[in-house]
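S.K.: I'm passing along structure_25.cif; it holds mmCIF, N, CA and C atoms.
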```cif
data_structure
#
loop_
_atom_site.label_atom_id
_atom_site.label_comp_id
_atom_site.auth_asym_id
_atom_site.auth_seq_id
_atom_site.Cartn_x
_atom_site.Cartn_y
_atom_site.Cartn_z
N MET A 1 -42.20 -43.45 7.65
CA MET A 1 -41.53 -44.60 8.24
C MET A 1 -41.84 -44.64 9.74
N ALA A 2 -42.09 -45.81 10.24
CA ALA A 2 -42.45 -45.99 11.65
C ALA A 2 -41.23 -45.79 12.56
N ILE A 3 -41.50 -45.35 13.75
CA ILE A 3 -40.47 -45.25 14.79
C ILE A 3 -40.44 -46.59 15.51
N GLN A 4 -39.25 -47.16 15.66
CA GLN A 4 -39.09 -48.43 16.36
C GLN A 4 -38.35 -48.19 17.67
N ARG A 5 -38.92 -48.73 18.74
CA ARG A 5 -38.32 -48.58 20.06
C ARG A 5 -38.02 -49.96 20.64
N GLN A 6 -36.85 -50.08 21.29
CA GLN A 6 -36.47 -51.33 21.93
C GLN A 6 -36.01 -51.06 23.35
N LEU A 7 -36.20 -52.07 24.20
CA LEU A 7 -35.81 -51.97 25.61
C LEU A 7 -36.42 -50.72 26.23
N THR A 8 -37.74 -50.67 26.15
CA THR A 8 -38.50 -49.51 26.56
C THR A 8 -39.15 -49.72 27.92
N ASN A 9 -39.15 -48.69 28.74
CA ASN A 9 -39.93 -48.69 29.97
C ASN A 9 -40.78 -47.42 29.99
N GLU A 10 -41.39 -47.12 31.10
CA GLU A 10 -42.28 -45.96 31.16
C GLU A 10 -41.55 -44.62 31.00
N ARG A 11 -40.22 -44.62 31.20
CA ARG A 11 -39.46 -43.38 31.16
C ARG A 11 -38.70 -43.17 29.85
N MET A 12 -38.16 -44.26 29.29
CA MET A 12 -37.29 -44.10 28.13
C MET A 12 -37.10 -45.41 27.39
N SER A 13 -36.54 -45.29 26.20
CA SER A 13 -36.15 -46.44 25.39
C SER A 13 -34.63 -46.43 25.30
N GLN A 14 -34.01 -47.59 25.40
CA GLN A 14 -32.57 -47.68 25.23
C GLN A 14 -32.17 -47.48 23.76
N ILE A 15 -33.07 -47.91 22.85
CA ILE A 15 -32.81 -47.80 21.42
C ILE A 15 -34.04 -47.23 20.74
N VAL A 16 -33.85 -46.22 19.90
CA VAL A 16 -34.92 -45.70 19.04
C VAL A 16 -34.35 -45.63 17.63
N ALA A 17 -35.08 -46.21 16.68
CA ALA A 17 -34.65 -46.18 15.28
C ALA A 17 -35.73 -45.52 14.44
N HIS A 18 -35.27 -44.65 13.53
CA HIS A 18 -36.21 -43.97 12.63
C HIS A 18 -35.46 -43.51 11.39
N ASN A 19 -36.04 -43.80 10.24
CA ASN A 19 -35.52 -43.29 8.99
C ASN A 19 -34.03 -43.59 8.78
N GLY A 20 -33.61 -44.80 9.13
CA GLY A 20 -32.23 -45.22 8.92
C GLY A 20 -31.23 -44.76 9.95
N THR A 21 -31.72 -44.18 11.05
CA THR A 21 -30.84 -43.68 12.11
C THR A 21 -31.22 -44.31 13.43
N VAL A 22 -30.21 -44.67 14.22
CA VAL A 22 -30.39 -45.29 15.53
C VAL A 22 -29.90 -44.31 16.60
N TYR A 23 -30.73 -44.10 17.60
CA TYR A 23 -30.40 -43.23 18.73
C TYR A 23 -30.35 -44.10 19.99
N LEU A 24 -29.25 -44.02 20.72
CA LEU A 24 -29.14 -44.76 21.98
C LEU A 24 -29.31 -43.80 23.14
N ALA A 25 -29.97 -44.29 24.18
CA ALA A 25 -30.03 -43.54 25.43
C ALA A 25 -28.61 -43.42 25.99
N GLY A 26 -28.40 -42.48 26.87
CA GLY A 26 -27.09 -42.34 27.50
C GLY A 26 -26.68 -43.65 28.16
N GLN A 27 -25.44 -44.07 27.92
CA GLN A 27 -24.94 -45.33 28.43
C GLN A 27 -23.83 -45.10 29.43
N VAL A 28 -23.83 -45.93 30.47
CA VAL A 28 -22.80 -45.92 31.51
C VAL A 28 -22.30 -47.34 31.70
N GLY A 29 -21.24 -47.48 32.48
CA GLY A 29 -20.71 -48.80 32.78
C GLY A 29 -21.53 -49.49 33.86
N ASP A 30 -21.10 -50.70 34.20
CA ASP A 30 -21.82 -51.50 35.19
C ASP A 30 -21.23 -51.38 36.59
N ASP A 31 -19.91 -51.23 36.69
CA ASP A 31 -19.24 -51.17 37.99
C ASP A 31 -18.90 -49.72 38.32
N MET A 32 -19.75 -49.10 39.11
CA MET A 32 -19.57 -47.69 39.44
C MET A 32 -18.42 -47.45 40.42
N SER A 33 -17.85 -48.51 40.97
CA SER A 33 -16.70 -48.34 41.85
C SER A 33 -15.39 -48.34 41.07
N ALA A 34 -15.46 -48.64 39.78
CA ALA A 34 -14.27 -48.72 38.94
C ALA A 34 -13.78 -47.33 38.56
N GLY A 35 -12.54 -47.28 38.08
CA GLY A 35 -11.96 -46.03 37.61
C GLY A 35 -12.43 -45.70 36.20
N ILE A 36 -11.93 -44.60 35.67
CA ILE A 36 -12.40 -44.10 34.39
C ILE A 36 -12.16 -45.07 33.24
N GLU A 37 -11.00 -45.73 33.22
CA GLU A 37 -10.73 -46.65 32.11
C GLU A 37 -11.71 -47.81 32.12
N GLN A 38 -11.95 -48.42 33.26
CA GLN A 38 -12.87 -49.55 33.33
C GLN A 38 -14.31 -49.12 33.06
N GLN A 39 -14.73 -47.99 33.61
CA GLN A 39 -16.08 -47.51 33.33
C GLN A 39 -16.24 -47.21 31.83
N THR A 40 -15.21 -46.68 31.20
CA THR A 40 -15.28 -46.41 29.77
C THR A 40 -15.38 -47.71 28.99
N ARG A 41 -14.56 -48.71 29.33
CA ARG A 41 -14.63 -50.02 28.64
C ARG A 41 -16.01 -50.63 28.76
N GLU A 42 -16.58 -50.60 29.96
CA GLU A 42 -17.91 -51.18 30.17
C GLU A 42 -18.98 -50.40 29.40
N THR A 43 -18.86 -49.09 29.38
CA THR A 43 -19.82 -48.26 28.65
C THR A 43 -19.76 -48.57 27.16
N LEU A 44 -18.57 -48.67 26.62
CA LEU A 44 -18.41 -48.98 25.20
C LEU A 44 -18.92 -50.39 24.87
N ALA A 45 -18.73 -51.33 25.78
CA ALA A 45 -19.28 -52.68 25.58
C ALA A 45 -20.80 -52.64 25.55
N ASN A 46 -21.41 -51.86 26.42
CA ASN A 46 -22.87 -51.71 26.41
C ASN A 46 -23.34 -51.08 25.11
N ILE A 47 -22.61 -50.10 24.62
CA ILE A 47 -22.96 -49.47 23.35
C ILE A 47 -22.87 -50.48 22.20
N GLU A 48 -21.81 -51.26 22.18
CA GLU A 48 -21.69 -52.29 21.13
C GLU A 48 -22.85 -53.26 21.15
N ARG A 49 -23.24 -53.69 22.34
CA ARG A 49 -24.35 -54.63 22.49
C ARG A 49 -25.64 -54.02 21.96
N LEU A 50 -25.92 -52.77 22.31
CA LEU A 50 -27.14 -52.11 21.84
C LEU A 50 -27.12 -51.85 20.34
N LEU A 51 -25.98 -51.45 19.81
CA LEU A 51 -25.88 -51.25 18.37
C LEU A 51 -26.13 -52.55 17.62
N ASP A 52 -25.59 -53.64 18.12
CA ASP A 52 -25.82 -54.94 17.51
C ASP A 52 -27.30 -55.30 17.54
N LEU A 53 -27.93 -55.08 18.66
CA LEU A 53 -29.36 -55.35 18.79
C LEU A 53 -30.17 -54.50 17.81
N ALA A 54 -29.72 -53.30 17.54
CA ALA A 54 -30.40 -52.39 16.62
C ALA A 54 -30.11 -52.71 15.16
N GLY A 55 -29.11 -53.56 14.90
CA GLY A 55 -28.78 -53.92 13.54
C GLY A 55 -27.67 -53.11 12.90
N THR A 56 -26.81 -52.52 13.73
CA THR A 56 -25.69 -51.74 13.22
C THR A 56 -24.46 -52.03 14.07
N ASP A 57 -23.41 -51.25 13.90
CA ASP A 57 -22.19 -51.47 14.69
C ASP A 57 -21.42 -50.15 14.83
N LYS A 58 -20.32 -50.22 15.57
CA LYS A 58 -19.58 -49.00 15.89
C LYS A 58 -18.96 -48.31 14.68
N SER A 59 -18.80 -49.03 13.57
CA SER A 59 -18.27 -48.38 12.37
C SER A 59 -19.30 -47.47 11.71
N HIS A 60 -20.56 -47.53 12.18
CA HIS A 60 -21.63 -46.70 11.63
C HIS A 60 -22.04 -45.56 12.57
N ILE A 61 -21.26 -45.32 13.62
CA ILE A 61 -21.58 -44.23 14.54
C ILE A 61 -21.39 -42.89 13.82
N LEU A 62 -22.41 -42.07 13.92
CA LEU A 62 -22.38 -40.74 13.30
C LEU A 62 -21.89 -39.67 14.27
N SER A 63 -22.40 -39.72 15.51
CA SER A 63 -21.99 -38.72 16.50
C SER A 63 -22.06 -39.31 17.90
N VAL A 64 -21.24 -38.75 18.76
CA VAL A 64 -21.18 -39.16 20.16
C VAL A 64 -21.04 -37.90 21.01
N THR A 65 -21.82 -37.86 22.08
CA THR A 65 -21.61 -36.85 23.11
C THR A 65 -21.12 -37.58 24.35
N ILE A 66 -19.98 -37.15 24.85
CA ILE A 66 -19.35 -37.78 26.02
C ILE A 66 -19.45 -36.82 27.19
N TYR A 67 -20.02 -37.32 28.26
CA TYR A 67 -20.16 -36.55 29.50
C TYR A 67 -19.18 -37.10 30.52
N LEU A 68 -18.30 -36.27 31.03
CA LEU A 68 -17.33 -36.67 32.05
C LEU A 68 -17.62 -35.92 33.35
N LYS A 69 -17.54 -36.64 34.45
CA LYS A 69 -17.73 -36.01 35.75
C LYS A 69 -16.64 -34.96 36.00
N ASP A 70 -15.41 -35.31 35.65
CA ASP A 70 -14.28 -34.39 35.86
C ASP A 70 -13.40 -34.44 34.61
N ILE A 71 -13.59 -33.49 33.71
CA ILE A 71 -12.90 -33.51 32.43
C ILE A 71 -11.38 -33.40 32.60
N ASN A 72 -10.92 -32.67 33.60
CA ASN A 72 -9.48 -32.53 33.81
C ASN A 72 -8.86 -33.84 34.28
N ALA A 73 -9.53 -34.55 35.16
CA ALA A 73 -8.99 -35.79 35.70
C ALA A 73 -9.18 -36.98 34.77
N ASP A 74 -10.25 -36.98 33.97
CA ASP A 74 -10.65 -38.21 33.27
C ASP A 74 -10.55 -38.18 31.76
N PHE A 75 -10.30 -37.04 31.15
CA PHE A 75 -10.28 -36.94 29.69
C PHE A 75 -9.23 -37.87 29.07
N ALA A 76 -8.03 -37.86 29.57
CA ALA A 76 -6.95 -38.68 29.01
C ALA A 76 -7.24 -40.17 29.19
N GLY A 77 -7.70 -40.57 30.36
CA GLY A 77 -8.01 -41.98 30.60
C GLY A 77 -9.13 -42.48 29.73
N MET A 78 -10.19 -41.68 29.59
CA MET A 78 -11.30 -42.06 28.72
C MET A 78 -10.81 -42.17 27.28
N ASN A 79 -10.03 -41.19 26.81
CA ASN A 79 -9.53 -41.22 25.44
C ASN A 79 -8.62 -42.41 25.17
N SER A 80 -7.86 -42.84 26.16
CA SER A 80 -6.96 -43.99 25.95
C SER A 80 -7.77 -45.25 25.62
N VAL A 81 -8.93 -45.41 26.24
CA VAL A 81 -9.80 -46.56 25.96
C VAL A 81 -10.55 -46.33 24.65
N TRP A 82 -11.09 -45.14 24.46
CA TRP A 82 -11.83 -44.80 23.23
C TRP A 82 -10.97 -45.05 21.99
N ASP A 83 -9.71 -44.58 22.03
CA ASP A 83 -8.83 -44.68 20.87
C ASP A 83 -8.55 -46.13 20.49
N LYS A 84 -8.48 -47.03 21.45
CA LYS A 84 -8.27 -48.46 21.18
C LYS A 84 -9.55 -49.12 20.66
N TRP A 85 -10.70 -48.62 21.08
CA TRP A 85 -12.00 -49.23 20.75
C TRP A 85 -12.48 -48.85 19.35
N LEU A 86 -12.23 -47.64 18.94
CA LEU A 86 -12.78 -47.13 17.68
C LEU A 86 -11.93 -47.60 16.50
N PRO A 87 -12.56 -48.22 15.49
CA PRO A 87 -11.79 -48.63 14.30
C PRO A 87 -11.20 -47.41 13.59
N LYS A 88 -10.06 -47.60 12.96
CA LYS A 88 -9.41 -46.52 12.21
C LYS A 88 -10.30 -46.09 11.04
N GLY A 89 -10.33 -44.81 10.79
CA GLY A 89 -11.01 -44.28 9.63
C GLY A 89 -12.51 -44.07 9.76
N VAL A 90 -13.08 -44.28 10.96
CA VAL A 90 -14.53 -44.12 11.12
C VAL A 90 -14.88 -43.20 12.30
N ALA A 91 -13.98 -42.29 12.61
CA ALA A 91 -14.22 -41.39 13.75
C ALA A 91 -15.50 -40.58 13.53
N PRO A 92 -16.41 -40.62 14.51
CA PRO A 92 -17.66 -39.85 14.38
C PRO A 92 -17.45 -38.39 14.79
N ALA A 93 -18.45 -37.58 14.51
CA ALA A 93 -18.48 -36.24 15.12
C ALA A 93 -18.57 -36.46 16.63
N ARG A 94 -17.89 -35.63 17.40
CA ARG A 94 -17.83 -35.90 18.84
C ARG A 94 -17.74 -34.61 19.63
N ALA A 95 -18.43 -34.61 20.78
CA ALA A 95 -18.30 -33.52 21.74
C ALA A 95 -18.06 -34.16 23.10
N THR A 96 -17.19 -33.55 23.88
CA THR A 96 -16.92 -34.01 25.24
C THR A 96 -17.11 -32.84 26.17
N VAL A 97 -17.94 -33.04 27.19
CA VAL A 97 -18.23 -31.97 28.14
C VAL A 97 -18.13 -32.49 29.56
N GLU A 98 -17.89 -31.59 30.48
CA GLU A 98 -17.95 -31.93 31.89
C GLU A 98 -19.38 -31.72 32.36
N SER A 99 -19.86 -32.68 33.16
CA SER A 99 -21.26 -32.61 33.58
C SER A 99 -21.44 -33.30 34.93
N LYS A 100 -22.35 -32.76 35.71
CA LYS A 100 -22.77 -33.45 36.92
C LYS A 100 -23.71 -34.56 36.47
N LEU A 101 -23.36 -35.80 36.73
CA LEU A 101 -24.14 -36.95 36.27
C LEU A 101 -25.13 -37.39 37.34
N CYS A 102 -26.04 -38.29 36.97
CA CYS A 102 -27.17 -38.62 37.85
C CYS A 102 -26.76 -39.34 39.14
N GLU A 103 -25.62 -39.99 39.16
CA GLU A 103 -25.10 -40.65 40.37
C GLU A 103 -23.66 -40.19 40.57
N PRO A 104 -23.25 -39.89 41.79
CA PRO A 104 -21.90 -39.36 42.00
C PRO A 104 -20.78 -40.33 41.63
N GLU A 105 -21.07 -41.63 41.58
CA GLU A 105 -20.05 -42.63 41.24
C GLU A 105 -19.81 -42.74 39.75
N ILE A 106 -20.74 -42.25 38.94
CA ILE A 106 -20.59 -42.35 37.49
C ILE A 106 -19.57 -41.33 37.03
N LEU A 107 -18.54 -41.82 36.32
CA LEU A 107 -17.48 -40.95 35.84
C LEU A 107 -17.66 -40.57 34.37
N VAL A 108 -18.39 -41.42 33.60
CA VAL A 108 -18.54 -41.18 32.17
C VAL A 108 -19.89 -41.70 31.69
N GLU A 109 -20.50 -40.96 30.78
CA GLU A 109 -21.73 -41.37 30.12
C GLU A 109 -21.63 -40.97 28.65
N LEU A 110 -22.07 -41.85 27.75
CA LEU A 110 -22.00 -41.56 26.33
C LEU A 110 -23.39 -41.64 25.71
N SER A 111 -23.68 -40.72 24.82
CA SER A 111 -24.90 -40.69 24.04
C SER A 111 -24.51 -40.84 22.57
N VAL A 112 -25.11 -41.83 21.87
CA VAL A 112 -24.67 -42.22 20.54
C VAL A 112 -25.80 -42.12 19.53
N VAL A 113 -25.44 -41.68 18.33
CA VAL A 113 -26.34 -41.70 17.17
C VAL A 113 -25.57 -42.45 16.07
N ALA A 114 -26.24 -43.45 15.46
CA ALA A 114 -25.59 -44.27 14.44
C ALA A 114 -26.51 -44.46 13.24
N ALA A 115 -25.91 -44.77 12.10
CA ALA A 115 -26.68 -45.09 10.90
C ALA A 115 -26.91 -46.60 10.83
N LEU A 116 -28.03 -46.97 10.26
CA LEU A 116 -28.24 -48.38 9.93
C LEU A 116 -27.54 -48.66 8.60
N PRO A 117 -26.90 -49.81 8.48
CA PRO A 117 -26.21 -50.12 7.21
C PRO A 117 -27.20 -50.34 6.07
#
```
As C-alpha cells, what does this structure read like?
M.R.:
Amino acid sequence: MAIQRQLTNERMSQIVAHNGTVYLAGQVGDDMSAGIEQQTRETLANIERLLDLAGTDKSHILSVTIYLKDINADFAGMNSVWDKWLPKGVAPARATVESKLCEPEILVELSVVAALP
C-alpha cells in the first residue's frame, strides 16, 4: 500500500497515511500568547481539521502523546478542555509528558495517530 502525504514541505508532512492509519505531525495552537485552555482548544481544532482532511475524525484516534511545557501548572487546565472535546467511550491510549518545546510561548503540543474508518 502506498504512503500518502498531505501538507508537505521540505521538512515534514502534517498528515501521513499508510495501511489504514493516519499520523499527524505535532500540533500546537495559533495564539501563543493565550493560556493553556485556549492553546489546547486551538490545538484540538487544528487536529480536527487535519483528521477531516485525512478522511477520519476524533472518534477514530488510537493514541495521543501530549507534551506540556509545565505539567504541574498546565495538566489540569489542558485536561479540562480535553475532557469536553473527546466523545464519551472513545478515549485513546494516551501519554502526557513535560517537555521543553520549540518555542518558549508554546504551552502544549499534541501528536496524534488515528485509524481510517
S.K.: Quick check on the file I pasted: which residues fall under the PyMOL selection byres (((chain A and resi 40 and name CA) around 9) and name CA)? Write them as an NGL selection string.
M.R.: :A and (28-29 or 35-39 or 41-45 or 77-79 or 81-82 or 107-110)
S.K.: Axis-aligned box over every listed atom of range 28-38 of chain A, padded by 5 Å per side: centre and edges in Å to one decimal, as JSON?
M.R.:
```
{"center_x": -17.3, "center_y": -47.8, "center_z": 36.2, "size_x": 23.1, "size_y": 17.4, "size_z": 21.4}
```
S.K.: Starting from the displayed file, determine the output of the PyMOL selection byres (((chain A and resi 4 and name CA) around 7) and name CA) and express the residue list as an mmCIF file with N, CA and C atoms, in the frame of the given file.
M.R.:
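Saved result, part-v1.cif, follows:
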```cif
data_model
loop_
_atom_site.group_PDB
_atom_site.id
_atom_site.type_symbol
_atom_site.label_atom_id
_atom_site.label_comp_id
_atom_site.auth_asym_id
_atom_site.auth_seq_id
_atom_site.Cartn_x
_atom_site.Cartn_y
_atom_site.Cartn_z
ATOM 1 N N ALA A 2 -42.090 -45.810 10.240
ATOM 2 C CA ALA A 2 -42.450 -45.990 11.650
ATOM 3 C C ALA A 2 -41.230 -45.790 12.560
ATOM 4 N N ILE A 3 -41.500 -45.350 13.750
ATOM 5 C CA ILE A 3 -40.470 -45.250 14.790
ATOM 6 C C ILE A 3 -40.440 -46.590 15.510
ATOM 7 N N ARG A 5 -38.920 -48.730 18.740
ATOM 8 C CA ARG A 5 -38.320 -48.580 20.060
ATOM 9 C C ARG A 5 -38.020 -49.960 20.640
ATOM 10 N N GLN A 6 -36.850 -50.080 21.290
ATOM 11 C CA GLN A 6 -36.470 -51.330 21.930
ATOM 12 C C GLN A 6 -36.010 -51.060 23.350
ATOM 13 N N VAL A 16 -33.850 -46.220 19.900
ATOM 14 C CA VAL A 16 -34.920 -45.700 19.040
ATOM 15 C C VAL A 16 -34.350 -45.630 17.630
ATOM 16 N N ALA A 17 -35.080 -46.210 16.680
ATOM 17 C CA ALA A 17 -34.650 -46.180 15.280
ATOM 18 C C ALA A 17 -35.730 -45.520 14.440
ATOM 19 N N HIS A 18 -35.270 -44.650 13.530
ATOM 20 C CA HIS A 18 -36.210 -43.970 12.630
ATOM 21 C C HIS A 18 -35.460 -43.510 11.390
#
```
S.K.: Would you work out the distance separating CA of Pro87 in chain A from CA of Leu62 in chain A, expressed in Å to one decimal?
M.R.: 13.2 Å
S.K.: Any idea what the distance is between atom C of Met32 in chain A and atom N of Glu105 in chain A?
M.R.: 6.5 Å
S.K.: Name the closest residue to Ile47 in chain A among the candidates A:Pro104, A:Asn19, A:Val112, A:Leu7; distances are taken between atoms, counting only N, CA and C atoms.
M.R.: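 Checking each candidate against Ile47 in chain A, we get A:Val112 as the closest.
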S.K.: One number please: atom N of Ala95 in chain A to CA of His60 in chain A, in Å, one decimal.
M.R.: 15.5 Å
S.K.: Using the chain letters and numbering of this document, enumerate as JSON, numbers by chain the residues selected by the PyMOL selection byres (((chain A and resi 66 and name CA) around 10) and name CA).
M.R.: {"A": [26, 27, 63, 64, 65, 67, 68, 75, 78, 94, 95, 96, 97, 98, 99, 108, 109, 110, 111, 112]}
S.K.: Can you write just those residues out, N, CA and C atoms, as a PDB file, in the coordinates of the input?
M.R.:
```
ATOM      1  N   GLY A  26     -28.400 -42.480  26.870  1.00  0.00           N
ATOM      2  CA  GLY A  26     -27.090 -42.340  27.500  1.00  0.00           C
ATOM      3  C   GLY A  26     -26.680 -43.650  28.160  1.00  0.00           C
ATOM      4  N   GLN A  27     -25.440 -44.070  27.920  1.00  0.00           N
ATOM      5  CA  GLN A  27     -24.940 -45.330  28.430  1.00  0.00           C
ATOM      6  C   GLN A  27     -23.830 -45.100  29.430  1.00  0.00           C
ATOM      7  N   SER A  63     -22.400 -39.720  15.510  1.00  0.00           N
ATOM      8  CA  SER A  63     -21.990 -38.720  16.500  1.00  0.00           C
ATOM      9  C   SER A  63     -22.060 -39.310  17.900  1.00  0.00           C
ATOM     10  N   VAL A  64     -21.240 -38.750  18.760  1.00  0.00           N
ATOM     11  CA  VAL A  64     -21.180 -39.160  20.160  1.00  0.00           C
ATOM     12  C   VAL A  64     -21.040 -37.900  21.010  1.00  0.00           C
ATOM     13  N   THR A  65     -21.820 -37.860  22.080  1.00  0.00           N
ATOM     14  CA  THR A  65     -21.610 -36.850  23.110  1.00  0.00           C
ATOM     15  C   THR A  65     -21.120 -37.580  24.350  1.00  0.00           C
ATOM     16  N   TYR A  67     -20.020 -37.320  28.260  1.00  0.00           N
ATOM     17  CA  TYR A  67     -20.160 -36.550  29.500  1.00  0.00           C
ATOM     18  C   TYR A  67     -19.180 -37.100  30.520  1.00  0.00           C
ATOM     19  N   LEU A  68     -18.300 -36.270  31.030  1.00  0.00           N
ATOM     20  CA  LEU A  68     -17.330 -36.670  32.050  1.00  0.00           C
ATOM     21  C   LEU A  68     -17.620 -35.920  33.350  1.00  0.00           C
ATOM     22  N   PHE A  75     -10.300 -37.040  31.150  1.00  0.00           N
ATOM     23  CA  PHE A  75     -10.280 -36.940  29.690  1.00  0.00           C
ATOM     24  C   PHE A  75      -9.230 -37.870  29.070  1.00  0.00           C
ATOM     25  N   MET A  78     -10.190 -41.680  29.590  1.00  0.00           N
ATOM     26  CA  MET A  78     -11.300 -42.060  28.720  1.00  0.00           C
ATOM     27  C   MET A  78     -10.810 -42.170  27.280  1.00  0.00           C
ATOM     28  N   ARG A  94     -17.890 -35.630  17.400  1.00  0.00           N
ATOM     29  CA  ARG A  94     -17.830 -35.900  18.840  1.00  0.00           C
ATOM     30  C   ARG A  94     -17.740 -34.610  19.630  1.00  0.00           C
ATOM     31  N   ALA A  95     -18.430 -34.610  20.780  1.00  0.00           N
ATOM     32  CA  ALA A  95     -18.300 -33.520  21.740  1.00  0.00           C
ATOM     33  C   ALA A  95     -18.060 -34.160  23.100  1.00  0.00           C
ATOM     34  N   THR A  96     -17.190 -33.550  23.880  1.00  0.00           N
ATOM     35  CA  THR A  96     -16.920 -34.010  25.240  1.00  0.00           C
ATOM     36  C   THR A  96     -17.110 -32.840  26.170  1.00  0.00           C
ATOM     37  N   VAL A  97     -17.940 -33.040  27.190  1.00  0.00           N
ATOM     38  CA  VAL A  97     -18.230 -31.970  28.140  1.00  0.00           C
ATOM     39  C   VAL A  97     -18.130 -32.490  29.560  1.00  0.00           C
ATOM     40  N   GLU A  98     -17.890 -31.590  30.480  1.00  0.00           N
ATOM     41  CA  GLU A  98     -17.950 -31.930  31.890  1.00  0.00           C
ATOM     42  C   GLU A  98     -19.380 -31.720  32.360  1.00  0.00           C
ATOM     43  N   SER A  99     -19.860 -32.680  33.160  1.00  0.00           N
ATOM     44  CA  SER A  99     -21.260 -32.610  33.580  1.00  0.00           C
ATOM     45  C   SER A  99     -21.440 -33.300  34.930  1.00  0.00           C
ATOM     46  N   VAL A 108     -18.390 -41.420  33.600  1.00  0.00           N
ATOM     47  CA  VAL A 108     -18.540 -41.180  32.170  1.00  0.00           C
ATOM     48  C   VAL A 108     -19.890 -41.700  31.690  1.00  0.00           C
ATOM     49  N   GLU A 109     -20.500 -40.960  30.780  1.00  0.00           N
ATOM     50  CA  GLU A 109     -21.730 -41.370  30.120  1.00  0.00           C
ATOM     51  C   GLU A 109     -21.630 -40.970  28.650  1.00  0.00           C
ATOM     52  N   LEU A 110     -22.070 -41.850  27.750  1.00  0.00           N
ATOM     53  CA  LEU A 110     -22.000 -41.560  26.330  1.00  0.00           C
ATOM     54  C   LEU A 110     -23.390 -41.640  25.710  1.00  0.00           C
ATOM     55  N   SER A 111     -23.680 -40.720  24.820  1.00  0.00           N
ATOM     56  CA  SER A 111     -24.900 -40.690  24.040  1.00  0.00           C
ATOM     57  C   SER A 111     -24.510 -40.840  22.570  1.00  0.00           C
ATOM     58  N   VAL A 112     -25.110 -41.830  21.870  1.00  0.00           N
ATOM     59  CA  VAL A 112     -24.670 -42.220  20.540  1.00  0.00           C
ATOM     60  C   VAL A 112     -25.800 -42.120  19.530  1.00  0.00           C
TER      61      VAL A 112
END
```
S.K.: Pick out the closest residue to Met12 in chain A from this set: A:Ala76, A:Ala25, A:Leu86, A:Leu50. Count only N, CA and C atoms.
M.R.: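 Among A:Ala76, A:Ala25, A:Leu86, A:Leu50, it is A:Ala25 that comes nearest to Met12 in chain A.
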S.K.: For the alpha helix (DSSP H) assignment from backbone DSSP, which residues of chain A qualify? Please present them as a ChimeraX atom specification.
M.R.: /A:36-54,71-85
S.K.: Would you please extract all strand (DSSP E) residues from chain A, as assigned by DSSP on the backbone, and give them as number ranges by chain?
M.R.: A: 4-8, 13-18, 21-24, 61-68, 93-98, 108-115
S.K.: Looking at A:Leu24, A:Asp74, A:Met1, A:Leu101, which one is nearest to Leu51 in chain A, with distances taken over all atoms listed in the file?
M.R.: A:Leu24
S.K.: Considering only N, CA and C atoms, can you say which of A:Ala115, A:Glu10, A:Ile106, A:Ala54 comes closest to Asp70 in chain A?
M.R.: A:Ile106
